[in-house]
Amino acid sequence: METPRHFRPIIPRRDLIALAFCVAFGLLISLLPHFIWWQKTGDTAWIASYDELVCYYPVAAQSYFNHPWRIADPTFAEGGVSMFPWLQYAPFVLLAKLFHTGPLFIGVFWRAWAGASMALGLFLVARHFLKHTRAAALVACVMMADAGVNWGRPLFNQFTVAWGLLQETPPEWFFGSHPVLLLQWRLITPGLSLFFLLLHVWLVARAAAQPSRGNLALAGAGFGLLFYVYFYFWTAAGLALLLALALDARRRKIYLHTGWIGGVIGLPSLILNTLLKQGAGNDWLERTDKFVAIPHFSELLISKVAIAMLVVAFVWIWLRRREWIHLWTLPAAGLLLMNHQVLTGLQIENGHWGYVLFMGLSLLVLIAIADALAKALAGRVEWRWTLGFVCALHLAAGVWFRAEEATQSRQMLEIQTNLERYADQRELAAPIAFTPNSVIAGDAPFVDFAAVLDNLRPLERTAFLSSSVSAENWDMRIALNAFLNGATRDAFEQEQRALLNSNHTGSWGRDPVKRDLRLARRLAAFDTIPIDPARIFDHFAVRYVALPASQARPAYLAGGWILLQSGPHWHVWERR
């Protein structure tokens with residue numbers, strides 16, 4: 001008997017079941033590191049990299065302690081603005097504040113959103129282009145578990161990584177830094193922001209398939225939302241619309257209306273970011289390799305494999321599936337923007353457009369493969385069971401990779417060790433009632449966690465991202481932090497020379513003359529401190545210094561400093 005129309009669900013039951021499976025798998029693979037470390041230590045905290053610890057968590061923690069509804073510059077108690085989008089922080093800070101979880105649990109909320117939202121976005125896109133529910137679910141899950149999607153080599157890298165892990169000594173790049181085996185789960189990008197790009201693709205595809213004012217408005221809104229999420233995504237999406245406008249004559253109105261509606265919605269964000277850039281100067285942008293002038297044909301990022309795949313995909317789409325053209329223009333736009341310096345002569349951390357190129361290309365390839373297999377295996381039950389078994393192995397391998405990188409990556413292990421030491425310091429030594437928002441300097445591991453867990457402002461650790469810190473001020477902060485750490489001038493010079501020679505960001509990272517000038521400025525700043533240290537301490541409002549417990553007491557502590565805590569790992573001093 002046919003189900004009455006008013007009882008029919010908006011979304012078919014089989015799609016809901018498939019989507020639920022995708023979301024469950026996404027949550028599993030995204031949150032797996034937290035589960036593992038919870039079993040190991042009894043604490044859910046898991047920080048994957050120094051990017052998270054030094055760049056992301058201080059912003060979230062300052063909001064958590066002081067103003068949950070907005071985000072700000074973690075270098076200062078008051079004033080300053082953050083370069084990070086509100087949408088990537090405030091909702092998760094508010095959740096943590098609502099449930100009184102503490103700032104470190106924000107990472108759990110981040111990854112829960114990443115797992116659920118990525119699964120939803122991937123399923124929606126795959127389901128639109130594939131008329132087979134199970135095929136769409138498999139594409140979504142493979143994208144979340146595949147070790148090659150962020151390199152434009154889906155499926156292939158799953159075998160090479162598995163083989164490497166089975167070796168007695170896995171390749172150095174597997175665990176030599178932060179987790180990289182499943183780079184799609186990196187925070188903040190693409191973990192927190194990929195959903196919005198996928199939503200944009202899905203809404204444009206819906207509008208193209210069923211043109212209506214409502215669908216066009218939603219497509220434009222999806223594009224406009226990207227302006228508030230991630231610079232590299234909205235720029236790639238905008239260029240992709242222009243490419244589709246040129247290539248797909250039948251749907252030009254769709255791309256045109258999506259573009260202007262999204263542009264109007266995104267205009268306030270664009271204006272605010274432009275004012276921020278102009279008002280703060282270029283010092284802070286150069287520190288993070290943004291808007292740095294470079295020769296037009298230098299630092300090109302050319303992937304021969306990606307180019308070959310794009311060419312083959314374009315020919316196939318042009319001949320057989322022109323309705324997929326927008327799905328192709330997105331990775332093509334990513335490739336072009338990765339090398340935009342040919343026209344602009346600028347470096348804007350161009351490699352970040354690789355997320356669009358490689359993940360967009362991988363998604364296109366997997367959808368095409370799934371479409372072909374669904375047709376080829378129709379009615380062939382034995383082959384479908386075989387394919388299901390192979391896919392299960394693939395997903396299991398992805399979970400294995402996630403567990404391995406969550407327990408063996410070098411940066412992560414250093415951070416987890418320092419977190420345990422910081423917890424020991426809190427538990428075994430007399431607790432310190434830090435004055436909130438005071439400036440702390442000294443040993444980096446203590447400073448990093450004091451900023452996140454005890455609402456303090458680092459003297460130097462977060463300053464490189466601060467739009468309110470000039471190049472001269474940054475150099476002085478670096479010099480002062482080294483002085484407070486007890487470094488000699490010779491040791492400081494040797495450390496900074498090695499650091500500047502290994503860091504290729506900014507104009508000084510590319511020009512030896514400018515590099516020598518920056519070193520000279522830092523040394524000059526260091527030389528001014530012993531002349532009148534109290535004045536410099538006052539200027540930067542330094543209140544606390546944490547030094548390794550094994551370190552000899554620096555001479556400057558003899559004047560005006562008291563020992564607050566003599567802990568098992570650090571001695572903490574306060575200036576009165």
# chains A, B, ... in the order shown; residues from 1 in each chain; ligands from 1
call {"tool": "residues_around", "arguments": {"residues": "Leu563 of chain A", "least_positions_apart": "2", "cutoff": "9 Å", "atoms": "only C-alpha atoms", "output": "PyMOL selection string"}}
result
chain A and resi 561+565-566+571-574
call {"tool": "write_last_selection", "arguments": {"atoms": "C-alpha atoms", "output": "PDB file, in the first residue's frame"}}
result
ATOM      1  CA  TRP A 561      61.309  39.494  42.270  1.00  0.00           C
ATOM      2  CA  GLN A 565      56.449  28.525  43.530  1.00  0.00           C
ATOM      3  CA  SER A 566      59.319  26.067  43.661  1.00  0.00           C
ATOM      4  CA  HIS A 571      60.327  27.863  39.479  1.00  0.00           C
ATOM      5  CA  VAL A 572      57.814  30.685  39.097  1.00  0.00           C
ATOM      6  CA  TRP A 573      58.748  34.249  40.051  1.00  0.00           C
ATOM      7  CA  GLU A 574      56.621  37.356  40.489  1.00  0.00           C
TER       8      GLU A 574
END
call {"tool": "select_by_dssp", "arguments": {"residues": "segment 400-574 of chain A", "states": "helix (DSSP H, G or I)", "output": "mmCIF file with N, CA and C atoms, in the first residue's frame"}}
result
data_model
loop_
_atom_site.group_PDB
_atom_site.id
_atom_site.type_symbol
_atom_site.label_atom_id
_atom_site.label_comp_id
_atom_site.auth_asym_id
_atom_site.auth_seq_id
_atom_site.Cartn_x
_atom_site.Cartn_y
_atom_site.Cartn_z
ATOM 1 N N TRP A 400 43.103 3.027 11.778
ATOM 2 C CA TRP A 400 44.450 2.636 12.223
ATOM 3 C C TRP A 400 45.421 3.797 12.066
ATOM 4 N N PHE A 401 45.416 4.449 10.912
ATOM 5 C CA PHE A 401 46.311 5.581 10.691
ATOM 6 C C PHE A 401 46.073 6.680 11.728
ATOM 7 N N ARG A 402 44.799 6.943 12.003
ATOM 8 C CA ARG A 402 44.456 7.990 12.959
ATOM 9 C C ARG A 402 44.994 7.655 14.347
ATOM 10 N N ALA A 403 44.855 6.398 14.748
ATOM 11 C CA ALA A 403 45.360 5.985 16.054
ATOM 12 C C ALA A 403 46.883 6.092 16.120
ATOM 13 N N GLU A 404 47.560 5.744 15.033
ATOM 14 C CA GLU A 404 49.012 5.796 15.016
ATOM 15 C C GLU A 404 49.520 7.240 15.109
ATOM 16 N N GLU A 405 48.949 8.128 14.305
ATOM 17 C CA GLU A 405 49.430 9.505 14.347
ATOM 18 C C GLU A 405 49.034 10.194 15.648
ATOM 19 N N ALA A 406 47.975 9.705 16.297
ATOM 20 C CA ALA A 406 47.535 10.300 17.560
ATOM 21 C C ALA A 406 48.399 9.884 18.736
ATOM 22 N N THR A 407 49.254 8.898 18.538
ATOM 23 C CA THR A 407 50.081 8.416 19.648
ATOM 24 C C THR A 407 51.579 8.488 19.375
ATOM 25 N N GLN A 408 51.967 8.795 18.123
ATOM 26 C CA GLN A 408 53.397 8.758 17.800
ATOM 27 C C GLN A 408 53.961 10.051 17.222
ATOM 28 N N ARG A 410 55.635 13.505 16.761
ATOM 29 C CA ARG A 410 56.643 14.081 17.658
ATOM 30 C C ARG A 410 56.145 15.340 18.369
ATOM 31 N N GLN A 411 55.591 16.299 17.605
ATOM 32 C CA GLN A 411 55.109 17.522 18.244
ATOM 33 C C GLN A 411 54.058 17.222 19.296
ATOM 34 N N MET A 412 53.138 16.362 18.953
ATOM 35 C CA MET A 412 52.062 16.013 19.867
ATOM 36 C C MET A 412 52.592 15.387 21.151
ATOM 37 N N LEU A 413 53.570 14.496 21.035
ATOM 38 C CA LEU A 413 54.135 13.856 22.218
ATOM 39 C C LEU A 413 54.849 14.864 23.114
ATOM 40 N N GLU A 414 55.554 15.817 22.510
ATOM 41 C CA GLU A 414 56.198 16.870 23.299
ATOM 42 C C GLU A 414 55.157 17.684 24.054
ATOM 43 N N ILE A 415 54.087 18.027 23.363
ATOM 44 C CA ILE A 415 53.038 18.843 23.980
ATOM 45 C C ILE A 415 52.352 18.072 25.099
ATOM 46 N N GLN A 416 52.032 16.802 24.865
ATOM 47 C CA GLN A 416 51.365 16.004 25.893
ATOM 48 C C GLN A 416 52.260 15.837 27.118
ATOM 49 N N THR A 417 53.559 15.660 26.884
ATOM 50 C CA THR A 417 54.492 15.550 27.996
ATOM 51 C C THR A 417 54.521 16.844 28.804
ATOM 52 N N ASN A 418 54.570 17.974 28.120
ATOM 53 C CA ASN A 418 54.591 19.262 28.825
ATOM 54 C C ASN A 418 53.278 19.526 29.558
ATOM 55 N N LEU A 419 52.167 19.078 28.990
ATOM 56 C CA LEU A 419 50.893 19.227 29.671
ATOM 57 C C LEU A 419 50.876 18.416 30.963
ATOM 58 N N GLU A 420 51.419 17.206 30.928
ATOM 59 C CA GLU A 420 51.496 16.386 32.128
ATOM 60 C C GLU A 420 52.400 17.038 33.171
ATOM 61 N N ARG A 421 53.497 17.633 32.731
ATOM 62 C CA ARG A 421 54.390 18.321 33.665
ATOM 63 C C ARG A 421 53.715 19.544 34.270
ATOM 64 N N TYR A 422 52.947 20.256 33.457
ATOM 65 C CA TYR A 422 52.234 21.424 33.974
ATOM 66 C C TYR A 422 51.193 20.991 35.010
ATOM 67 N N ALA A 423 50.507 19.866 34.727
ATOM 68 C CA ALA A 423 49.537 19.342 35.684
ATOM 69 C C ALA A 423 50.223 18.905 36.971
ATOM 70 N N ASP A 424 51.406 18.275 36.855
ATOM 71 C CA ASP A 424 52.185 17.899 38.040
ATOM 72 C C ASP A 424 52.530 19.137 38.864
ATOM 73 N N GLN A 425 52.953 20.176 38.174
ATOM 74 C CA GLN A 425 53.320 21.413 38.860
ATOM 75 C C GLN A 425 52.126 21.955 39.653
ATOM 76 N N ARG A 426 50.965 21.876 39.075
ATOM 77 C CA ARG A 426 49.758 22.370 39.750
ATOM 78 C C ARG A 426 49.402 21.514 40.961
ATOM 79 N N GLU A 427 49.586 20.194 40.836
ATOM 80 C CA GLU A 427 49.137 19.283 41.875
ATOM 81 C C GLU A 427 50.158 19.115 43.003
ATOM 82 N N LEU A 428 51.452 19.096 42.655
ATOM 83 C CA LEU A 428 52.473 18.771 43.642
ATOM 84 C C LEU A 428 53.035 19.990 44.353
ATOM 85 N N ALA A 444 59.067 28.293 27.439
ATOM 86 C CA ALA A 444 57.915 28.218 26.540
ATOM 87 C C ALA A 444 56.847 27.219 26.979
ATOM 88 N N PRO A 445 57.184 25.982 27.407
ATOM 89 C CA PRO A 445 56.114 25.045 27.770
ATOM 90 C C PRO A 445 55.220 25.562 28.893
ATOM 91 N N PHE A 446 55.821 26.187 29.902
ATOM 92 C CA PHE A 446 55.012 26.721 30.994
ATOM 93 C C PHE A 446 54.172 27.894 30.519
ATOM 94 N N VAL A 447 54.781 28.784 29.763
ATOM 95 C CA VAL A 447 54.068 29.971 29.273
ATOM 96 C C VAL A 447 52.881 29.565 28.415
ATOM 97 N N ASP A 448 53.075 28.572 27.547
ATOM 98 C CA ASP A 448 52.004 28.144 26.649
ATOM 99 C C ASP A 448 50.779 27.683 27.433
ATOM 100 N N PHE A 449 50.991 26.856 28.436
ATOM 101 C CA PHE A 449 49.847 26.329 29.180
ATOM 102 C C PHE A 449 49.310 27.323 30.201
ATOM 103 N N ALA A 450 50.149 28.217 30.681
ATOM 104 C CA ALA A 450 49.646 29.265 31.569
ATOM 105 C C ALA A 450 48.688 30.178 30.817
ATOM 106 N N ALA A 451 48.989 30.447 29.548
ATOM 107 C CA ALA A 451 48.106 31.287 28.735
ATOM 108 C C ALA A 451 46.751 30.615 28.527
ATOM 109 N N VAL A 452 46.756 29.291 28.349
ATOM 110 C CA VAL A 452 45.522 28.573 28.053
ATOM 111 C C VAL A 452 44.737 28.235 29.319
ATOM 112 N N LEU A 453 45.425 27.809 30.372
ATOM 113 C CA LEU A 453 44.743 27.289 31.556
ATOM 114 C C LEU A 453 44.599 28.304 32.686
ATOM 115 N N ALA A 463 52.833 36.845 20.010
ATOM 116 C CA ALA A 463 52.969 38.189 19.434
ATOM 117 C C ALA A 463 53.134 38.175 17.920
ATOM 118 N N PHE A 464 53.671 37.096 17.368
ATOM 119 C CA PHE A 464 53.943 37.095 15.929
ATOM 120 C C PHE A 464 52.657 37.147 15.111
ATOM 121 N N LEU A 465 51.507 36.765 15.700
ATOM 122 C CA LEU A 465 50.233 36.842 14.997
ATOM 123 C C LEU A 465 49.450 38.103 15.328
ATOM 124 N N ALA A 471 56.991 45.387 14.005
ATOM 125 C CA ALA A 471 58.211 44.579 13.864
ATOM 126 C C ALA A 471 59.209 44.910 14.969
ATOM 127 N N GLU A 472 59.354 46.196 15.302
ATOM 128 C CA GLU A 472 60.293 46.608 16.345
ATOM 129 C C GLU A 472 59.844 46.083 17.711
ATOM 130 N N ASN A 473 58.538 46.176 17.969
ATOM 131 C CA ASN A 473 58.002 45.690 19.232
ATOM 132 C C ASN A 473 58.171 44.182 19.344
ATOM 133 N N TRP A 474 57.962 43.481 18.233
ATOM 134 C CA TRP A 474 58.139 42.027 18.212
ATOM 135 C C TRP A 474 59.581 41.652 18.506
ATOM 136 N N ASP A 475 60.528 42.348 17.875
ATOM 137 C CA ASP A 475 61.943 42.070 18.129
ATOM 138 C C ASP A 475 62.289 42.291 19.597
ATOM 139 N N MET A 476 61.764 43.359 20.193
ATOM 140 C CA MET A 476 62.051 43.634 21.595
ATOM 141 C C MET A 476 61.444 42.558 22.493
ATOM 142 N N ARG A 477 60.249 42.099 22.171
ATOM 143 C CA ARG A 477 59.631 41.035 22.965
ATOM 144 C C ARG A 477 60.463 39.754 22.914
ATOM 145 N N ILE A 478 60.967 39.434 21.728
ATOM 146 C CA ILE A 478 61.813 38.247 21.582
ATOM 147 C C ILE A 478 63.075 38.398 22.413
ATOM 148 N N ALA A 479 63.697 39.557 22.342
ATOM 149 C CA ALA A 479 64.929 39.808 23.091
ATOM 150 C C ALA A 479 64.669 39.786 24.596
ATOM 151 N N LEU A 480 63.582 40.421 25.024
ATOM 152 C CA LEU A 480 63.277 40.472 26.450
ATOM 153 C C LEU A 480 62.954 39.089 27.002
ATOM 154 N N ASN A 481 62.225 38.291 26.245
ATOM 155 C CA ASN A 481 61.918 36.946 26.716
ATOM 156 C C ASN A 481 63.190 36.115 26.864
ATOM 157 N N ALA A 482 64.122 36.275 25.920
ATOM 158 C CA ALA A 482 65.406 35.563 26.029
ATOM 159 C C ALA A 482 66.177 36.038 27.252
ATOM 160 N N PHE A 483 66.188 37.351 27.496
ATOM 161 C CA PHE A 483 66.872 37.906 28.671
ATOM 162 C C PHE A 483 66.266 37.349 29.954
ATOM 163 N N LEU A 484 64.934 37.310 30.021
ATOM 164 C CA LEU A 484 64.264 36.790 31.210
ATOM 165 C C LEU A 484 64.487 35.293 31.375
ATOM 166 N N ARG A 489 74.191 37.109 25.762
ATOM 167 C CA ARG A 489 74.104 37.727 24.450
ATOM 168 C C ARG A 489 74.583 36.773 23.364
ATOM 169 N N ASP A 490 75.685 36.059 23.619
ATOM 170 C CA ASP A 490 76.214 35.132 22.619
ATOM 171 C C ASP A 490 75.225 34.004 22.331
ATOM 172 N N ALA A 491 74.604 33.484 23.388
ATOM 173 C CA ALA A 491 73.632 32.410 23.198
ATOM 174 C C ALA A 491 72.414 32.922 22.429
ATOM 175 N N PHE A 492 71.988 34.156 22.733
ATOM 176 C CA PHE A 492 70.853 34.740 22.033
ATOM 177 C C PHE A 492 71.174 34.944 20.558
ATOM 178 N N GLU A 493 72.360 35.432 20.270
ATOM 179 C CA GLU A 493 72.754 35.638 18.874
ATOM 180 C C GLU A 493 72.786 34.319 18.117
ATOM 181 N N GLN A 494 73.358 33.301 18.728
ATOM 182 C CA GLN A 494 73.449 32.001 18.069
ATOM 183 C C GLN A 494 72.049 31.419 17.816
ATOM 184 N N GLU A 495 71.177 31.540 18.801
ATOM 185 C CA GLU A 495 69.813 31.014 18.657
ATOM 186 C C GLU A 495 69.053 31.741 17.556
ATOM 187 N N GLN A 496 69.132 33.076 17.554
ATOM 188 C CA GLN A 496 68.377 33.851 16.572
ATOM 189 C C GLN A 496 68.939 33.689 15.159
ATOM 190 N N ARG A 497 70.242 33.569 15.060
ATOM 191 C CA ARG A 497 70.829 33.364 13.736
ATOM 192 C C ARG A 497 70.339 32.037 13.138
ATOM 193 N N ALA A 498 70.341 30.990 13.962
ATOM 194 C CA ALA A 498 69.855 29.692 13.485
ATOM 195 C C ALA A 498 68.371 29.752 13.145
ATOM 196 N N LEU A 499 67.598 30.452 13.976
ATOM 197 C CA LEU A 499 66.164 30.549 13.744
ATOM 198 C C LEU A 499 65.860 31.303 12.455
ATOM 199 N N LEU A 500 66.514 32.435 12.250
ATOM 200 C CA LEU A 500 66.267 33.232 11.049
ATOM 201 C C LEU A 500 66.745 32.528 9.788
ATOM 202 N N ASN A 501 67.818 31.773 9.890
ATOM 203 C CA ASN A 501 68.325 31.048 8.721
ATOM 204 C C ASN A 501 67.415 29.882 8.326
ATOM 205 N N SER A 502 66.680 29.348 9.290
ATOM 206 C CA SER A 502 65.814 28.199 8.996
ATOM 207 C C SER A 502 64.386 28.611 8.659
ATOM 208 N N SER A 507 60.027 38.981 4.117
ATOM 209 C CA SER A 507 61.077 39.398 3.187
ATOM 210 C C SER A 507 62.451 39.025 3.706
ATOM 211 N N TRP A 508 62.644 39.054 5.046
ATOM 212 C CA TRP A 508 63.946 38.692 5.613
ATOM 213 C C TRP A 508 64.237 37.202 5.465
ATOM 214 N N GLY A 509 63.204 36.386 5.287
ATOM 215 C CA GLY A 509 63.429 34.961 5.078
ATOM 216 C C GLY A 509 63.919 34.643 3.685
ATOM 217 N N PRO A 512 69.044 37.685 2.313
ATOM 218 C CA PRO A 512 70.068 37.611 3.366
ATOM 219 C C PRO A 512 70.405 38.963 3.974
ATOM 220 N N VAL A 513 70.333 40.037 3.187
ATOM 221 C CA VAL A 513 70.638 41.369 3.720
ATOM 222 C C VAL A 513 69.591 41.769 4.759
ATOM 223 N N LYS A 514 68.327 41.572 4.427
ATOM 224 C CA LYS A 514 67.261 41.902 5.376
ATOM 225 C C LYS A 514 67.290 40.968 6.586
ATOM 226 N N ARG A 515 67.716 39.736 6.364
ATOM 227 C CA ARG A 515 67.831 38.800 7.474
ATOM 228 C C ARG A 515 68.906 39.260 8.449
ATOM 229 N N ASP A 516 70.027 39.692 7.935
ATOM 230 C CA ASP A 516 71.097 40.206 8.798
ATOM 231 C C ASP A 516 70.646 41.465 9.532
ATOM 232 N N LEU A 517 69.864 42.304 8.858
ATOM 233 C CA LEU A 517 69.356 43.522 9.492
ATOM 234 C C LEU A 517 68.405 43.180 10.634
ATOM 235 N N ARG A 518 67.554 42.179 10.434
ATOM 236 C CA ARG A 518 66.639 41.794 11.510
ATOM 237 C C ARG A 518 67.403 41.218 12.686
ATOM 238 N N LEU A 519 68.426 40.424 12.416
ATOM 239 C CA LEU A 519 69.258 39.902 13.501
ATOM 240 C C LEU A 519 69.922 41.050 14.258
ATOM 241 N N ALA A 520 70.430 42.031 13.525
ATOM 242 C CA ALA A 520 71.083 43.171 14.169
ATOM 243 C C ALA A 520 70.103 43.931 15.057
ATOM 244 N N ARG A 521 68.864 44.083 14.607
ATOM 245 C CA ARG A 521 67.858 44.790 15.409
ATOM 246 C C ARG A 521 67.521 44.021 16.675
ATOM 247 N N ARG A 522 67.452 42.703 16.585
ATOM 248 C CA ARG A 522 67.174 41.916 17.785
ATOM 249 C C ARG A 522 68.333 41.976 18.771
ATOM 250 N N LEU A 523 69.549 41.958 18.258
ATOM 251 C CA LEU A 523 70.708 42.076 19.138
ATOM 252 C C LEU A 523 70.763 43.461 19.780
ATOM 253 N N ALA A 524 70.435 44.491 19.016
ATOM 254 C CA ALA A 524 70.402 45.845 19.570
ATOM 255 C C ALA A 524 69.347 45.950 20.666
ATOM 256 N N ALA A 525 68.195 45.306 20.437
ATOM 257 C CA ALA A 525 67.156 45.311 21.461
ATOM 258 C C ALA A 525 67.632 44.589 22.715
ATOM 259 N N PHE A 526 68.322 43.483 22.536
ATOM 260 C CA PHE A 526 68.842 42.736 23.680
ATOM 261 C C PHE A 526 69.839 43.582 24.460
ATOM 262 N N ASP A 527 70.658 44.354 23.749
ATOM 263 C CA ASP A 527 71.688 45.164 24.406
ATOM 264 C C ASP A 527 71.108 46.294 25.242
ATOM 265 N N THR A 528 69.906 46.749 24.915
ATOM 266 C CA THR A 528 69.319 47.853 25.688
ATOM 267 C C THR A 528 68.742 47.400 27.016
ATOM 268 N N PRO A 533 66.834 47.453 33.134
ATOM 269 C CA PRO A 533 65.848 46.381 32.974
ATOM 270 C C PRO A 533 64.495 46.706 33.594
ATOM 271 N N ALA A 534 64.486 47.422 34.725
ATOM 272 C CA ALA A 534 63.218 47.727 35.385
ATOM 273 C C ALA A 534 62.299 48.531 34.460
ATOM 274 N N ARG A 535 62.877 49.451 33.724
ATOM 275 C CA ARG A 535 62.081 50.262 32.806
ATOM 276 C C ARG A 535 61.469 49.391 31.702
ATOM 277 N N ILE A 536 62.246 48.462 31.186
ATOM 278 C CA ILE A 536 61.743 47.574 30.131
ATOM 279 C C ILE A 536 60.671 46.647 30.694
ATOM 280 N N PHE A 537 60.902 46.122 31.914
ATOM 281 C CA PHE A 537 59.891 45.261 32.539
ATOM 282 C C PHE A 537 58.576 46.026 32.706
ATOM 283 N N ASP A 538 58.680 47.271 33.146
ATOM 284 C CA ASP A 538 57.477 48.090 33.336
ATOM 285 C C ASP A 538 56.777 48.350 32.009
ATOM 286 N N HIS A 539 57.564 48.638 30.982
ATOM 287 C CA HIS A 539 56.979 48.974 29.685
ATOM 288 C C HIS A 539 56.125 47.829 29.155
ATOM 289 N N ALA A 555 70.754 36.674 37.366
ATOM 290 C CA ALA A 555 71.107 37.784 38.251
ATOM 291 C C ALA A 555 69.974 38.803 38.383
ATOM 292 N N TYR A 556 69.190 39.018 37.343
ATOM 293 C CA TYR A 556 68.177 40.075 37.395
ATOM 294 C C TYR A 556 67.110 39.799 38.452
ATOM 295 N N LEU A 557 66.939 38.509 38.862
ATOM 296 C CA LEU A 557 65.918 38.163 39.834
ATOM 297 C C LEU A 557 66.245 38.667 41.236
ATOM 298 N N ALA A 558 67.441 39.170 41.423
ATOM 299 C CA ALA A 558 67.832 39.669 42.740
ATOM 300 C C ALA A 558 67.115 40.959 43.102
#
call {"tool": "select_by_dssp", "arguments": {"residues": "segment 253-442 of chain A", "states": "strand (DSSP E or B)", "output": "ChimeraX atom specification"}}
result
/A:290-293,346-348,439-442
call {"tool": "residues_around", "arguments": {"residues": "Thr101 of chain A", "least_positions_apart": "6", "cutoff": "12 Å", "atoms": "only C-alpha atoms", "output": "NGL selection string"}}
result
:A and (43-45 or 61 or 64-65 or 92-95 or 107-109 or 453)
call {"tool": "write_last_selection", "arguments": {"atoms": "N, CA, C and O atoms", "output": "PDB file, in the first residue's frame"}}
result
ATOM      1  N   ASP A  43      42.419  11.952  31.013  1.00  0.00           N
ATOM      2  CA  ASP A  43      42.099  13.318  30.598  1.00  0.00           C
ATOM      3  C   ASP A  43      41.840  13.311  29.091  1.00  0.00           C
ATOM      4  O   ASP A  43      42.601  12.699  28.334  1.00  0.00           O
ATOM      5  N   THR A  44      40.797  13.998  28.658  1.00  0.00           N
ATOM      6  CA  THR A  44      40.459  14.011  27.234  1.00  0.00           C
ATOM      7  C   THR A  44      41.343  14.948  26.422  1.00  0.00           C
ATOM      8  O   THR A  44      41.254  14.964  25.190  1.00  0.00           O
ATOM      9  N   ALA A  45      42.197  15.730  27.076  1.00  0.00           N
ATOM     10  CA  ALA A  45      42.998  16.721  26.352  1.00  0.00           C
ATOM     11  C   ALA A  45      43.934  16.036  25.366  1.00  0.00           C
ATOM     12  O   ALA A  45      44.645  15.085  25.706  1.00  0.00           O
ATOM     13  N   ALA A  61      41.023  30.443  24.711  1.00  0.00           N
ATOM     14  CA  ALA A  61      41.078  30.540  26.173  1.00  0.00           C
ATOM     15  C   ALA A  61      40.811  31.960  26.652  1.00  0.00           C
ATOM     16  O   ALA A  61      40.119  32.162  27.662  1.00  0.00           O
ATOM     17  N   TYR A  64      37.204  32.406  26.477  1.00  0.00           N
ATOM     18  CA  TYR A  64      36.555  31.589  27.508  1.00  0.00           C
ATOM     19  C   TYR A  64      36.570  32.290  28.865  1.00  0.00           C
ATOM     20  O   TYR A  64      35.556  32.324  29.573  1.00  0.00           O
ATOM     21  N   PHE A  65      37.699  32.847  29.239  1.00  0.00           N
ATOM     22  CA  PHE A  65      37.833  33.448  30.562  1.00  0.00           C
ATOM     23  C   PHE A  65      37.252  34.860  30.646  1.00  0.00           C
ATOM     24  O   PHE A  65      36.762  35.268  31.701  1.00  0.00           O
ATOM     25  N   PHE A  92      32.082  27.409  19.908  1.00  0.00           N
ATOM     26  CA  PHE A  92      32.692  26.347  20.702  1.00  0.00           C
ATOM     27  C   PHE A  92      33.111  26.856  22.080  1.00  0.00           C
ATOM     28  O   PHE A  92      33.030  26.125  23.070  1.00  0.00           O
ATOM     29  N   VAL A  93      33.546  28.115  22.150  1.00  0.00           N
ATOM     30  CA  VAL A  93      33.838  28.731  23.438  1.00  0.00           C
ATOM     31  C   VAL A  93      32.566  28.821  24.275  1.00  0.00           C
ATOM     32  O   VAL A  93      32.567  28.527  25.485  1.00  0.00           O
ATOM     33  N   LEU A  94      31.468  29.213  23.654  1.00  0.00           N
ATOM     34  CA  LEU A  94      30.199  29.326  24.372  1.00  0.00           C
ATOM     35  C   LEU A  94      29.725  27.962  24.875  1.00  0.00           C
ATOM     36  O   LEU A  94      29.192  27.859  25.995  1.00  0.00           O
ATOM     37  N   LEU A  95      29.936  26.919  24.084  1.00  0.00           N
ATOM     38  CA  LEU A  95      29.590  25.572  24.545  1.00  0.00           C
ATOM     39  C   LEU A  95      30.418  25.188  25.772  1.00  0.00           C
ATOM     40  O   LEU A  95      29.886  24.661  26.761  1.00  0.00           O
ATOM     41  N   GLY A 107      38.812  21.817  22.381  1.00  0.00           N
ATOM     42  CA  GLY A 107      39.340  20.945  21.335  1.00  0.00           C
ATOM     43  C   GLY A 107      38.417  19.779  21.034  1.00  0.00           C
ATOM     44  O   GLY A 107      38.300  19.346  19.880  1.00  0.00           O
ATOM     45  N   VAL A 108      37.765  19.242  22.047  1.00  0.00           N
ATOM     46  CA  VAL A 108      36.808  18.154  21.829  1.00  0.00           C
ATOM     47  C   VAL A 108      35.618  18.661  21.025  1.00  0.00           C
ATOM     48  O   VAL A 108      35.150  17.999  20.081  1.00  0.00           O
ATOM     49  N   PHE A 109      35.116  19.838  21.384  1.00  0.00           N
ATOM     50  CA  PHE A 109      34.002  20.415  20.626  1.00  0.00           C
ATOM     51  C   PHE A 109      34.427  20.716  19.189  1.00  0.00           C
ATOM     52  O   PHE A 109      33.656  20.499  18.248  1.00  0.00           O
ATOM     53  N   LEU A 453      45.425  27.809  30.372  1.00  0.00           N
ATOM     54  CA  LEU A 453      44.743  27.289  31.556  1.00  0.00           C
ATOM     55  C   LEU A 453      44.599  28.304  32.686  1.00  0.00           C
ATOM     56  O   LEU A 453      43.721  28.142  33.546  1.00  0.00           O
TER      57      LEU A 453
END
call {"tool": "closest_atom_pairs", "arguments": {"of": "segment 58-134 of chain A", "to": "segment 201-220 of chain A", "cutoff": "12 Å", "atoms": "only C-alpha atoms", "output": "Markdown table"}}
result
| residue | atom | partner | partner_atom | distance |
| --- | --- | --- | --- | --- |
| A:Leu120 | CA | A:Trp202 | CA | 10.9 |
| A:Gly121 | CA | A:Trp202 | CA | 8.0 |
| A:Leu122 | CA | A:Trp202 | CA | 9.2 |
| A:Phe123 | CA | A:Trp202 | CA | 9.7 |
| A:Leu124 | CA | A:Trp202 | CA | 6.5 |
| A:Val125 | CA | A:Trp202 | CA | 5.2 |
| A:Ala126 | CA | A:Trp202 | CA | 8.8 |
| A:Arg127 | CA | A:Trp202 | CA | 9.4 |
| A:His128 | CA | A:Trp202 | CA | 7.3 |
| A:Phe129 | CA | A:Ala205 | CA | 8.5 |
